[in-house]
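Novice: Handing you a structure now.
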Amino acid sequence: MQWDIVIGLEIHVQLATKTKIFSGSSTAFGAEPNTQANAVDLAMPGTLPVPNEQAFRYAVMFGLATNSEIGRRSVFERKNYFYPDLPKGYQTTQLEQPIVGPGHVDIDLSDGSTKRVRIHHAHLEEDAGKSLHEDYHGMSGIDLNRAGTPLIEVVTEPDMNSAEEAVAFAKKLHSLVTSLGICDGDMSQGSMRFDVNISLKPKGSDTLGTRTETKNLNSFRFMEQAIAHEVERQMDILEDGGEIIQETRLYNGDRDESRSMRSKEEANDYRYFPCPDLLPVEIDDSFIEEARARLPELPDARRARFKEQYGLNDYDAGILSADAKLAGFFEETVEHGKDAKLASNWVQGEFSARLNAEEKSVADAPITGAQLGALVTRIADNTLSSSGAKKVFEALWTGENDDVDAIIDAKGLKQVSDTGALEAMVDEVLAGMPDQVAQFQGEEDPKKRKKMLGGFMGPLMKASKGQGNPKLFNEILLRKLGG
Amino acid sequence: MHNKSVAELSKELESGKISSVELTQQFLDRLKSEDGKYNSFITISADQALAEAKAADEMRAAGKATAWTGVPFAHKDIFCTNGVRTTCGSKMLENFVPPYDATVTANFKAAGAVCLGKTNMDEFAMGSSNESSFFGAVTNPWGDKRVPGGSSGGSAAAVAARLVPAATGTDTGGSIRQPAALCGITGLKPTYGRVSRYGMIAFASSLDQGGPMARTAEDAALMMNVMAGFDPKDSTCIDREVPDYTATLNEPLKGLKIGLPKEYFSEQLSPAMEEQVRNAVREYEKLGATVKEVSLPNAKLAIAAYYVIAPAEASANLSRFDGARYGYRCENPKDLMDMYTRTRAEGFGNEVKRRILVGSYALSAGYFDAYYLKAQKVRRLIQQDFINAFKEVDVMMSPVSPSPAFVQGEKTTDPVTMYLEDVFTIAINLAGIPAMSVPAGFVNGLPVGLQIIGDYFSEARLLNAAHQFQQVTDWHQREPQ
């Protein structure tokens with residue numbers, strides 16, 4: 001039987017405010033446990049929440065960037081349940097009147113098509129603390145540093161039909177919120193977390209099947225794997241004539257396994273009601289316009305500009321524009337490197353590969369766009385060969401030296417591009433290899449000729465102590481050999 | 001000294017006849033020797049009080065004294081006090097010492113007032129007789145074995161017994177006015193949002209309001225000068241100018257339009273009580289006021305609506321008492337669920353549990369619309385009744401409670417009878433308007449209170465009306481034997 005896969009996402013986005021959504025505690029990551037939790041965060045008796053205006057501003061910016069309606073009257077509700085990392089015994093969140101209403105985001109697919117994914121709504125809420133189950137000898141430790149960190153929870157319509165689409169949407173959202181500067185996008189620290197709702201239905205059917213929710217996926221790779229895993233699990237059940245149970249599941253990425261967390265019957269009755277400690281917040285036109293004025297260039301607009309301004313192709317422009325920090329790094333490189341295509345190749349190639357290998361973000365890179373730009377300039381003006389350029393890059397990255405020209409001098413990497421000198425070297429080398437010259441001149445197959453030409457390059461590079469311009473050597477060789 | 005009002009003690013201190021340390025010591029001595037009869041205090045903080053008194057004397061010497069500098073008083077044990085345990089009348093917080101002050105607490109400290117301790121109360125302010133306190137019932141100074149009312153019963157009894165000249169209270173459905181009436185003192189529930197709720201342990205957040213309890217309207221005005229005001233730490237607090245509440249106490253009442261809500265002079269009120277209230281209204285007529293009947297057609301729905309909304313809010317507000325971070329935790333929990341269930345089963349008393357259950361039920365899936373939403377609609381109707389009535393009159397007058405102080409144990413077996421104690425006070429909290437209780441006579445030797453109800457932010461007018469009444473009557477001066 002053929003099946004349609006139906007996927008909806010819920011995405012928790014930690015907002016990059018300096019302080020918490022209802023208290024003045026810092027939201028910085030990585031502090032000693034419970035050092036960033038004040039009386040309000042600890043839910044001490046009598047304490048009260050005071051809303052953080054910046055969280056509202058960020059949520060409105062998100063709404064504007066996703067073509068969404070802005071809820072003019074924003075109401076917080078209490079979601080009641082007991083858990084040790086939830087100090088008040090309820091989470092302050094939004095239900096009936098969220099700050100962001102219906103909207104949409106367009107995603108690009110690998111076949112070159114685009115697809116519109118509708119956003120149902122996005123609401124503001126507070127994050128919980130963390131339960132630490134290790135190192136406490138059968139007990140649990142509670143760290144409330146994260147408790148009260150502002151989140152927006154983005155809820156999509158079930159508009160995605162494959163893992164590829166879901167991941168494309170997730171990446172697009174990541175690109176949007178980091179470009180907006182409302183989230184640091186650091187998934188390893190939980191800044192974005194994905195819940196995936198999946199159901200299957202017979203191909204072409206209008207009736208949605210029973211769905212499951214797989215919670216708390218914190219990387220694109222795990223998300224893709226979890227979807228594949230869950231689709232397969234549901235397909236097996238359905239094809240054996242079974243029924244899907246509506247439930248919440250947890251996925252273990254390291255073992256590619258999932259297990260049921262709770263079924264619909266076991267689900268809590270959260271007893272939502274409007275929080276009487278917080279008055280409804282009215283969002284007026286001037287607040288929205290002020291937020292609109294703060295919107296930076298968004299990824300789609302940046303992509304179009306990169307194509308226009310730098311003459312990049314759609315693929316390169318797409319990669320370089322998606323991440324605001326990478327885009328900024330690229331533009332700095334171009335500014336100092338003139339040649340946009342070369343800059344694009346180096347940023348996507350050597351630079352990104354090195355970041356990935358060392359698990360670093362653009363912000364942590366040990367080199368600047370200006371340095372890479374200087375390197376690109378020296379490639380473009382033929383001062384450096386590609387192998388020489390890699391050596392300079394290495395020296396910059398390791399911090400051996402921070403000046404490109406100084407490295408070129410120190411390492412003697414400057415190419416010889418003096419045609420007269422190069423011709424003399426070619427004459428000398430060819431004179432010493434008469435058999436190979438004759439062989440080359442007798443060969444008709446262009447592929448073999450090309451390979452044989454390479455045979456002269458080794459001795460030439462040796463003769464020039466590695467500094468001869470290979471491109472020029474090639475030209476001279478062909479001329480002299482009657483290529 | 002113990003018979004003097006706050007205003008009088010303030011003058012004594014200002015004249016230099018007595019220091020705050022001396023005055024505080026006298027009050028502490030009396031408190032220790034007398035309170036055994038009433039159990040009106042949960043905690044006496046003698047060391048802190050004497051330190052505050054010393055600081056107050058220094059403040060005065062430095063020329064920075066306010067009307068409150070050096071004057072002793074007490075806080076209801078619902079206001080958090082930095083370094084002094086704050087129990088809210090519950091075993092759950094028997095050993096809880098807050099590391100911060102409520103805004104009201106901080107305001108009194110800034111004014112130089114001297115807090116002698118924390119007064120007894122119904123557990124988490126849930127009750128009308130002070131019998132639900134984990135720290136034992138309070139005895140009304142006006143009658144052996146009589147309740148002082150609740151939930152601010154300790155504050156009312158302490159003020160009536162002259163243990164302190166004034167004390168703070170909180171009022172969610174009548175918890176300042178009803179004990180003030182039953183103990184023969186003066187109490188004011190301000191407009192919702194007038195006094196900060198920060199650091200005041202929450203019962204029902206949309207109804208709770210702190211306010212003054214004293215023997216005279218003038219002292220209540222002095223308390224309001226300290227308590228009222230905007231607080232950025234409380235999002236429901238209203239940013240509105242605070243008048244000097246003592247400045248208008250002596251305005252004449254000629255032409256004051258008084259409304260008597262006919263629904264509050266119903267068969268629930270005993271004829272003897274009604275007579276006292278009507279006598280008081282006649283005093284106002286003598287002072288130049290005019291009187292007419294008004295109607296609050298939805299008032300009869302107030303208790304039903306309140307007993308959905310207040311428990312619903314309380315059910316969430318009290319979830320934080322889970323044994324995880326502070327307060328009571330059961331012995332040797334075997335797992336998380338055991339810690340939650342036993343901590344809460346052992347830490348909360350019956351009335352608190354009853355309200356958590358009622359509130360959780362009212363908010364449950366399938367019942368929310370029929371209970372919570374319906375109650376909120378009723379609340380708006382009640383509010384509209386008051387708004388309409390205040391188009392015709394300046395203030396309204398009514399009894400505070402259906403009967404005077406009852407005997408301990410009389411109503412503890414039937415919660416609904418206890419809830420009816422607040423039949424005349426509860427609608428005011430639902431509407432969010434201010435109201436006072438003023439001593440207005442006696443029935444069988446027990447005090448009777450007159451309720452004066454005002455429009456939003458009319459506290460100055462209420463205090464003025466109460467003060468003028470107290471210039472021509474002496475009910476508030478009567479002392480229990």
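Going through the structure tokens in order, the chains are called A, B, and so on, while each chain numbers its residues from 1 and the ligands are numbered from 1 in the order shown.
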Leaving out A:Arg294 and any residue of its chain fewer than 5 positions from it, which residues lie within 12 Å of it when counting only C-alpha atoms, given as a compact mmCIF listing (two decimals) with all heavy atoms, in the first residue's frame?

Specialist:
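Saved result, part-v7.txt, follows:
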```
# COMPACT_ATOMS: atom_id res chain seq x y z
N ARG A 57 8.56 42.22 22.03
CA ARG A 57 9.10 42.83 20.81
C ARG A 57 9.64 41.73 19.88
O ARG A 57 9.37 41.73 18.69
CB ARG A 57 10.20 43.82 21.19
CG ARG A 57 10.76 44.61 20.04
CD ARG A 57 11.63 45.76 20.52
NE ARG A 57 10.86 46.78 21.20
CZ ARG A 57 10.99 47.12 22.48
NH1 ARG A 57 11.91 46.54 23.22
NH2 ARG A 57 10.23 48.05 23.02
N TYR A 58 10.39 40.80 20.47
CA TYR A 58 10.96 39.72 19.65
C TYR A 58 9.86 38.87 19.04
O TYR A 58 9.94 38.45 17.88
CB TYR A 58 11.89 38.85 20.50
CG TYR A 58 13.25 39.46 20.76
CD1 TYR A 58 14.17 38.83 21.60
CD2 TYR A 58 13.64 40.66 20.16
CE1 TYR A 58 15.43 39.36 21.84
CE2 TYR A 58 14.89 41.20 20.39
CZ TYR A 58 15.78 40.55 21.23
OH TYR A 58 17.02 41.09 21.46
N VAL A 60 6.84 39.77 18.28
CA VAL A 60 6.20 40.53 17.21
C VAL A 60 7.10 40.54 15.96
O VAL A 60 6.62 40.37 14.83
CB VAL A 60 5.88 41.97 17.68
CG1 VAL A 60 5.47 42.85 16.50
CG2 VAL A 60 4.76 41.95 18.73
N MET A 61 8.41 40.69 16.17
CA MET A 61 9.33 40.64 15.03
C MET A 61 9.22 39.29 14.32
O MET A 61 9.21 39.21 13.08
CB MET A 61 10.78 40.89 15.49
CG MET A 61 11.05 42.35 15.83
SD MET A 61 12.64 42.59 16.69
CE MET A 61 13.82 42.18 15.40
N PHE A 62 9.11 38.22 15.11
CA PHE A 62 8.95 36.90 14.51
C PHE A 62 7.67 36.85 13.67
O PHE A 62 7.66 36.35 12.55
CB PHE A 62 8.91 35.81 15.59
CG PHE A 62 8.66 34.44 15.04
CD1 PHE A 62 9.69 33.71 14.50
CD2 PHE A 62 7.38 33.91 15.02
CE1 PHE A 62 9.45 32.46 13.94
CE2 PHE A 62 7.13 32.67 14.47
CZ PHE A 62 8.18 31.94 13.94
N LEU A 64 6.06 39.30 12.26
CA LEU A 64 6.18 40.10 11.03
C LEU A 64 7.03 39.38 9.99
O LEU A 64 6.73 39.42 8.79
CB LEU A 64 6.81 41.46 11.37
CG LEU A 64 5.96 42.38 12.26
CD1 LEU A 64 6.76 43.62 12.66
CD2 LEU A 64 4.67 42.79 11.55
N ALA A 65 8.07 38.68 10.45
CA ALA A 65 8.98 38.00 9.51
C ALA A 65 8.35 36.75 8.91
O ALA A 65 8.86 36.21 7.93
CB ALA A 65 10.28 37.65 10.22
N SER A 179 18.68 35.33 11.89
CA SER A 179 18.80 36.58 11.13
C SER A 179 18.11 37.73 11.86
O SER A 179 18.60 38.86 11.86
CB SER A 179 18.17 36.43 9.74
OG SER A 179 18.91 35.51 8.98
N LEU A 180 16.98 37.41 12.47
CA LEU A 180 16.27 38.43 13.24
C LEU A 180 17.03 38.82 14.49
O LEU A 180 16.78 39.86 15.09
CB LEU A 180 14.88 37.91 13.65
CG LEU A 180 13.84 37.79 12.54
CD1 LEU A 180 12.64 36.99 13.02
CD2 LEU A 180 13.40 39.18 12.09
N GLY A 181 17.93 37.94 14.93
CA GLY A 181 18.68 38.21 16.16
C GLY A 181 17.85 37.97 17.40
O GLY A 181 18.21 38.41 18.49
N ILE A 182 16.74 37.22 17.26
CA ILE A 182 15.89 36.98 18.43
C ILE A 182 16.23 35.66 19.11
O ILE A 182 15.70 35.34 20.16
CB ILE A 182 14.39 37.02 18.06
CG1 ILE A 182 14.04 35.89 17.09
CG2 ILE A 182 14.03 38.36 17.45
CD1 ILE A 182 12.54 35.77 16.82
N PHE A 287 3.76 49.99 18.57
CA PHE A 287 4.69 48.92 19.01
C PHE A 287 5.04 48.04 17.81
O PHE A 287 6.20 47.66 17.62
CB PHE A 287 4.03 48.09 20.12
CG PHE A 287 4.98 47.13 20.79
CD1 PHE A 287 5.82 47.55 21.80
CD2 PHE A 287 5.03 45.80 20.39
CE1 PHE A 287 6.70 46.66 22.41
CE2 PHE A 287 5.90 44.91 20.99
CZ PHE A 287 6.75 45.34 22.01
N ILE A 288 4.03 47.74 17.01
CA ILE A 288 4.27 46.89 15.83
C ILE A 288 5.17 47.60 14.83
O ILE A 288 6.11 47.01 14.29
CB ILE A 288 2.92 46.50 15.18
CG1 ILE A 288 2.15 45.58 16.13
CG2 ILE A 288 3.14 45.82 13.83
CD1 ILE A 288 0.74 45.26 15.70
N GLU A 289 4.90 48.89 14.62
CA GLU A 289 5.71 49.62 13.64
C GLU A 289 7.15 49.77 14.11
O GLU A 289 8.09 49.70 13.33
CB GLU A 289 5.08 50.99 13.33
CG GLU A 289 3.79 50.87 12.51
CD GLU A 289 3.89 49.84 11.38
OE1 GLU A 289 4.88 49.88 10.61
OE2 GLU A 289 3.00 48.96 11.28
```

Novice: Compute the set of chain A residues within 6 Å of chain B, using only C-alpha atoms, and express it as a VMD selection string.

Specialist: chain A and resid 45 to 47 50 88 to 89 271 276 278

Novice: Write the residues you've just listed into a file as a PDB file, in the first residue's frame, and include all heavy atoms for each of them.

Specialist:
```pdb
ATOM      1  N   PRO A  45       6.984  32.165  48.065  1.00  0.00           N
ATOM      2  CA  PRO A  45       5.628  32.642  48.360  1.00  0.00           C
ATOM      3  C   PRO A  45       5.529  34.168  48.229  1.00  0.00           C
ATOM      4  O   PRO A  45       6.406  34.891  48.694  1.00  0.00           O
ATOM      5  CB  PRO A  45       5.426  32.221  49.823  1.00  0.00           C
ATOM      6  CG  PRO A  45       6.376  31.092  50.036  1.00  0.00           C
ATOM      7  CD  PRO A  45       7.550  31.363  49.153  1.00  0.00           C
ATOM      8  N   GLY A  46       4.462  34.605  47.596  1.00  0.00           N
ATOM      9  CA  GLY A  46       4.206  36.041  47.499  1.00  0.00           C
ATOM     10  C   GLY A  46       4.864  36.728  46.326  1.00  0.00           C
ATOM     11  O   GLY A  46       4.550  37.880  46.035  1.00  0.00           O
ATOM     12  N   THR A  47       5.785  36.049  45.638  1.00  0.00           N
ATOM     13  CA  THR A  47       6.442  36.710  44.510  1.00  0.00           C
ATOM     14  C   THR A  47       5.504  36.762  43.314  1.00  0.00           C
ATOM     15  O   THR A  47       4.580  35.953  43.205  1.00  0.00           O
ATOM     16  CB  THR A  47       7.735  35.977  44.112  1.00  0.00           C
ATOM     17  OG1 THR A  47       7.423  34.617  43.816  1.00  0.00           O
ATOM     18  CG2 THR A  47       8.747  36.035  45.242  1.00  0.00           C
ATOM     19  N   VAL A  50       6.596  39.899  36.415  1.00  0.00           N
ATOM     20  CA  VAL A  50       6.496  41.171  35.688  1.00  0.00           C
ATOM     21  C   VAL A  50       6.998  40.919  34.263  1.00  0.00           C
ATOM     22  O   VAL A  50       8.124  40.473  34.081  1.00  0.00           O
ATOM     23  CB  VAL A  50       7.351  42.268  36.360  1.00  0.00           C
ATOM     24  CG1 VAL A  50       7.290  43.557  35.553  1.00  0.00           C
ATOM     25  CG2 VAL A  50       6.869  42.524  37.779  1.00  0.00           C
ATOM     26  N   LYS A  88       6.512  26.846  40.088  1.00  0.00           N
ATOM     27  CA  LYS A  88       5.206  27.336  40.529  1.00  0.00           C
ATOM     28  C   LYS A  88       4.146  26.246  40.517  1.00  0.00           C
ATOM     29  O   LYS A  88       3.054  26.435  41.030  1.00  0.00           O
ATOM     30  CB  LYS A  88       4.742  28.491  39.622  1.00  0.00           C
ATOM     31  CG  LYS A  88       5.623  29.736  39.709  1.00  0.00           C
ATOM     32  CD  LYS A  88       5.013  30.931  38.996  1.00  0.00           C
ATOM     33  CE  LYS A  88       4.931  30.775  37.515  1.00  0.00           C
ATOM     34  NZ  LYS A  88       6.257  30.816  36.840  1.00  0.00           N
ATOM     35  N   GLY A  89       4.454  25.107  39.873  1.00  0.00           N
ATOM     36  CA  GLY A  89       3.415  24.094  39.709  1.00  0.00           C
ATOM     37  C   GLY A  89       2.511  24.426  38.538  1.00  0.00           C
ATOM     38  O   GLY A  89       1.498  23.772  38.313  1.00  0.00           O
ATOM     39  N   ARG A 271      -5.814  22.080  33.037  1.00  0.00           N
ATOM     40  CA  ARG A 271      -6.660  23.064  33.740  1.00  0.00           C
ATOM     41  C   ARG A 271      -6.223  24.504  33.453  1.00  0.00           C
ATOM     42  O   ARG A 271      -6.038  25.316  34.359  1.00  0.00           O
ATOM     43  CB  ARG A 271      -6.674  22.785  35.252  1.00  0.00           C
ATOM     44  CG  ARG A 271      -7.075  21.370  35.592  1.00  0.00           C
ATOM     45  CD  ARG A 271      -7.310  21.142  37.077  1.00  0.00           C
ATOM     46  NE  ARG A 271      -6.242  21.607  37.923  1.00  0.00           N
ATOM     47  CZ  ARG A 271      -5.137  20.927  38.183  1.00  0.00           C
ATOM     48  NH1 ARG A 271      -4.941  19.736  37.656  1.00  0.00           N
ATOM     49  NH2 ARG A 271      -4.209  21.427  38.963  1.00  0.00           N
ATOM     50  N   PRO A 276      -4.154  35.314  36.752  1.00  0.00           N
ATOM     51  CA  PRO A 276      -4.647  36.546  37.361  1.00  0.00           C
ATOM     52  C   PRO A 276      -3.535  37.500  37.816  1.00  0.00           C
ATOM     53  O   PRO A 276      -3.821  38.638  38.187  1.00  0.00           O
ATOM     54  CB  PRO A 276      -5.469  36.048  38.556  1.00  0.00           C
ATOM     55  CG  PRO A 276      -4.931  34.694  38.861  1.00  0.00           C
ATOM     56  CD  PRO A 276      -4.375  34.135  37.592  1.00  0.00           C
ATOM     57  N   LEU A 278      -1.195  38.506  35.799  1.00  0.00           N
ATOM     58  CA  LEU A 278      -0.741  39.242  34.615  1.00  0.00           C
ATOM     59  C   LEU A 278      -1.950  39.769  33.864  1.00  0.00           C
ATOM     60  O   LEU A 278      -2.843  39.010  33.505  1.00  0.00           O
ATOM     61  CB  LEU A 278       0.070  38.322  33.707  1.00  0.00           C
ATOM     62  CG  LEU A 278       1.405  37.859  34.280  1.00  0.00           C
ATOM     63  CD1 LEU A 278       1.905  36.625  33.543  1.00  0.00           C
ATOM     64  CD2 LEU A 278       2.435  38.979  34.200  1.00  0.00           C
TER      65      LEU A 278
END
```

Novice: Please indicate the distance in Å from atom CA of B:Phe265 to atom CA of B:Val147, rounded to one decimal place.

Specialist: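 Pair atom CA of B:Phe265 / atom CA of B:Val147 returns 23.5 Å.
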
Novice: Using the chain letters and numbers from this document, which residues of stretch 34-201 of chain B does DSSP assign to helix (DSSP H, G or I), as a PyMOL selection string?

Specialist: chain B and resi 34-37+46-61+91-93+103-111+123-125+153-160+177-183

Novice: Could you pull the residues within 12 Å of B:Leu430, counting only C-alpha atoms, minus those fewer than 2 positions along the same chain, as a PyMOL selection string?

Specialist: chain B and resi 171-174+191-192+204-209+298-299+301-310+375-386+424-428+432-434

Novice: Env of stretch 439-449 of chain B: 7 Å cut, atoms = only C-alpha atoms, seq-sep filter 4 positions within chain, self excluded. Answer as an mmCIF file with N, CA, C and O atoms, in the first residue's frame.

Specialist:
```cif
data_model
loop_
_atom_site.group_PDB
_atom_site.id
_atom_site.type_symbol
_atom_site.label_atom_id
_atom_site.label_comp_id
_atom_site.auth_asym_id
_atom_site.auth_seq_id
_atom_site.Cartn_x
_atom_site.Cartn_y
_atom_site.Cartn_z
ATOM 1 N N TRP B 142 -13.816 40.363 72.972
ATOM 2 C CA TRP B 142 -15.146 40.764 73.431
ATOM 3 C C TRP B 142 -15.954 39.613 74.016
ATOM 4 O O TRP B 142 -17.029 39.831 74.571
ATOM 5 N N ALA B 181 -15.286 44.026 62.102
ATOM 6 C CA ALA B 181 -16.639 44.185 62.639
ATOM 7 C C ALA B 181 -16.822 43.361 63.909
ATOM 8 O O ALA B 181 -17.333 43.853 64.922
ATOM 9 N N LEU B 182 -16.373 42.108 63.869
ATOM 10 C CA LEU B 182 -16.585 41.213 65.004
ATOM 11 C C LEU B 182 -15.749 41.610 66.220
ATOM 12 O O LEU B 182 -16.080 41.259 67.356
ATOM 13 N N CYS B 183 -14.652 42.335 65.987
ATOM 14 C CA CYS B 183 -13.800 42.761 67.110
ATOM 15 C C CYS B 183 -13.967 44.245 67.445
ATOM 16 O O CYS B 183 -13.254 44.782 68.299
ATOM 17 N N GLY B 184 -14.876 44.929 66.749
ATOM 18 C CA GLY B 184 -15.152 46.321 67.082
ATOM 19 C C GLY B 184 -14.038 47.284 66.709
ATOM 20 O O GLY B 184 -13.803 48.286 67.400
ATOM 21 N N ILE B 185 -13.329 47.026 65.622
ATOM 22 C CA ILE B 185 -12.298 47.969 65.188
ATOM 23 C C ILE B 185 -12.617 48.467 63.773
ATOM 24 O O ILE B 185 -13.633 48.113 63.191
ATOM 25 N N THR B 186 -11.712 49.304 63.252
ATOM 26 C CA THR B 186 -11.914 49.930 61.949
ATOM 27 C C THR B 186 -11.006 49.247 60.921
ATOM 28 O O THR B 186 -9.807 49.103 61.163
ATOM 29 N N ALA B 272 -31.902 42.664 65.324
ATOM 30 C CA ALA B 272 -31.079 43.449 66.256
ATOM 31 C C ALA B 272 -29.889 44.071 65.518
ATOM 32 O O ALA B 272 -29.516 45.223 65.760
ATOM 33 N N MET B 273 -29.280 43.300 64.600
ATOM 34 C CA MET B 273 -28.169 43.820 63.809
ATOM 35 C C MET B 273 -28.651 44.962 62.921
ATOM 36 O O MET B 273 -28.026 46.006 62.810
ATOM 37 N N GLN B 276 -28.993 48.293 64.625
ATOM 38 C CA GLN B 276 -27.733 49.011 64.859
ATOM 39 C C GLN B 276 -27.259 49.715 63.590
ATOM 40 O O GLN B 276 -26.792 50.845 63.625
ATOM 41 N N VAL B 277 -27.367 48.984 62.450
ATOM 42 C CA VAL B 277 -26.903 49.564 61.186
ATOM 43 C C VAL B 277 -27.764 50.784 60.826
ATOM 44 O O VAL B 277 -27.251 51.831 60.431
ATOM 45 N N ALA B 280 -26.897 53.783 62.786
ATOM 46 C CA ALA B 280 -25.678 54.432 62.294
ATOM 47 C C ALA B 280 -25.986 55.311 61.095
ATOM 48 O O ALA B 280 -25.489 56.440 60.986
ATOM 49 N N PRO B 399 -24.761 46.258 56.552
ATOM 50 C CA PRO B 399 -24.062 45.508 57.593
ATOM 51 C C PRO B 399 -22.797 44.883 56.997
ATOM 52 O O PRO B 399 -22.677 44.774 55.775
ATOM 53 N N VAL B 400 -21.860 44.471 57.868
ATOM 54 C CA VAL B 400 -20.660 43.757 57.412
ATOM 55 C C VAL B 400 -20.926 42.255 57.455
ATOM 56 O O VAL B 400 -20.580 41.525 56.527
ATOM 57 N N PRO B 404 -23.293 38.973 64.983
ATOM 58 C CA PRO B 404 -22.045 39.285 65.669
ATOM 59 C C PRO B 404 -21.213 38.020 65.886
ATOM 60 O O PRO B 404 -21.587 36.949 65.430
ATOM 61 N N ALA B 405 -20.090 38.183 66.579
ATOM 62 C CA ALA B 405 -19.145 37.070 66.763
ATOM 63 C C ALA B 405 -19.852 35.829 67.291
ATOM 64 O O ALA B 405 -20.567 35.886 68.295
ATOM 65 N N TRP B 475 -18.303 54.322 69.586
ATOM 66 C CA TRP B 475 -18.255 52.851 69.509
ATOM 67 C C TRP B 475 -16.811 52.362 69.357
ATOM 68 O O TRP B 475 -16.439 51.333 69.913
ATOM 69 N N HIS B 476 -16.030 53.110 68.568
ATOM 70 C CA HIS B 476 -14.650 52.683 68.288
ATOM 71 C C HIS B 476 -13.742 52.856 69.500
ATOM 72 O O HIS B 476 -12.631 52.334 69.504
#
```

Novice: Using only C-alpha atoms, which of A:Ala410, A:Gly209, A:Val6, A:Asn52 sits nearest A:Lys391?

Specialist: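 The answer is A:Ala410, which sits nearest to A:Lys391.
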
Novice: Please report the interatomic distance between atom CA of B:Ser437 and atom CA of B:Arg30 in Å with one decimal.

Specialist: 26.7 Å

Novice: Give me the residues within 7 Å of B:Tyr38 as a list in words, counting only C-alpha atoms and dropping any in the same chain fewer than 5 places off.

Specialist: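 Skipping anything fewer than 5 positions along the chain leaves Val138, Thr139, Asn140 and Pro141 of chain B.
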
Novice: How about saving the chosen residues, N, CA, C and O atoms kept, as a short mmCIF file (atom, residue, chain, number, x, y, z; two decimals), in the first residue's frame?

Specialist:
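Output file result_39.cif is given in full below:
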```cif
data_model
loop_
_atom_site.label_atom_id
_atom_site.label_comp_id
_atom_site.auth_asym_id
_atom_site.auth_seq_id
_atom_site.Cartn_x
_atom_site.Cartn_y
_atom_site.Cartn_z
N VAL B 138 -8.04 31.87 67.49
CA VAL B 138 -7.86 33.14 68.20
C VAL B 138 -9.15 33.43 68.96
O VAL B 138 -10.24 33.16 68.47
N THR B 139 -9.00 33.97 70.15
CA THR B 139 -10.18 34.32 70.94
C THR B 139 -10.50 35.80 70.79
O THR B 139 -9.61 36.65 70.89
N ASN B 140 -11.76 36.07 70.57
CA ASN B 140 -12.22 37.46 70.44
C ASN B 140 -12.18 38.13 71.81
O ASN B 140 -12.76 37.62 72.77
N PRO B 141 -11.50 39.26 71.95
CA PRO B 141 -11.42 39.92 73.26
C PRO B 141 -12.78 40.31 73.82
O PRO B 141 -12.91 40.55 75.02
#
```

Novice: Just asking: which residues within stretch 166-376 of chain B are strand (DSSP E or B) according to DSSP, as a list in words?

Specialist: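 Taking stretch 166-376 of chain B and keeping strand (DSSP E or B) gives Ala166, Ala167, Thr168, Gly169, Thr170, Thr186, Gly187, Leu188, Lys189, Val195, Met200, Gly210, Gly211, Pro212, Met213, Ala214, Ala228, Lys257, Ile258, Gly259, Leu260, Pro261, Thr290, Val291, Lys292, Glu293 and Val294 of chain B.
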
Novice: Using only C-alpha atoms, which protein or nucleic acid residues come within 9 Å of B:Glu392? Drop anything in the same chain fewer than 5 positions from it, and give the result as a list in words.

Specialist: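 Those residues are Lys257, Ile258, Gly259 and Val294 of chain B.
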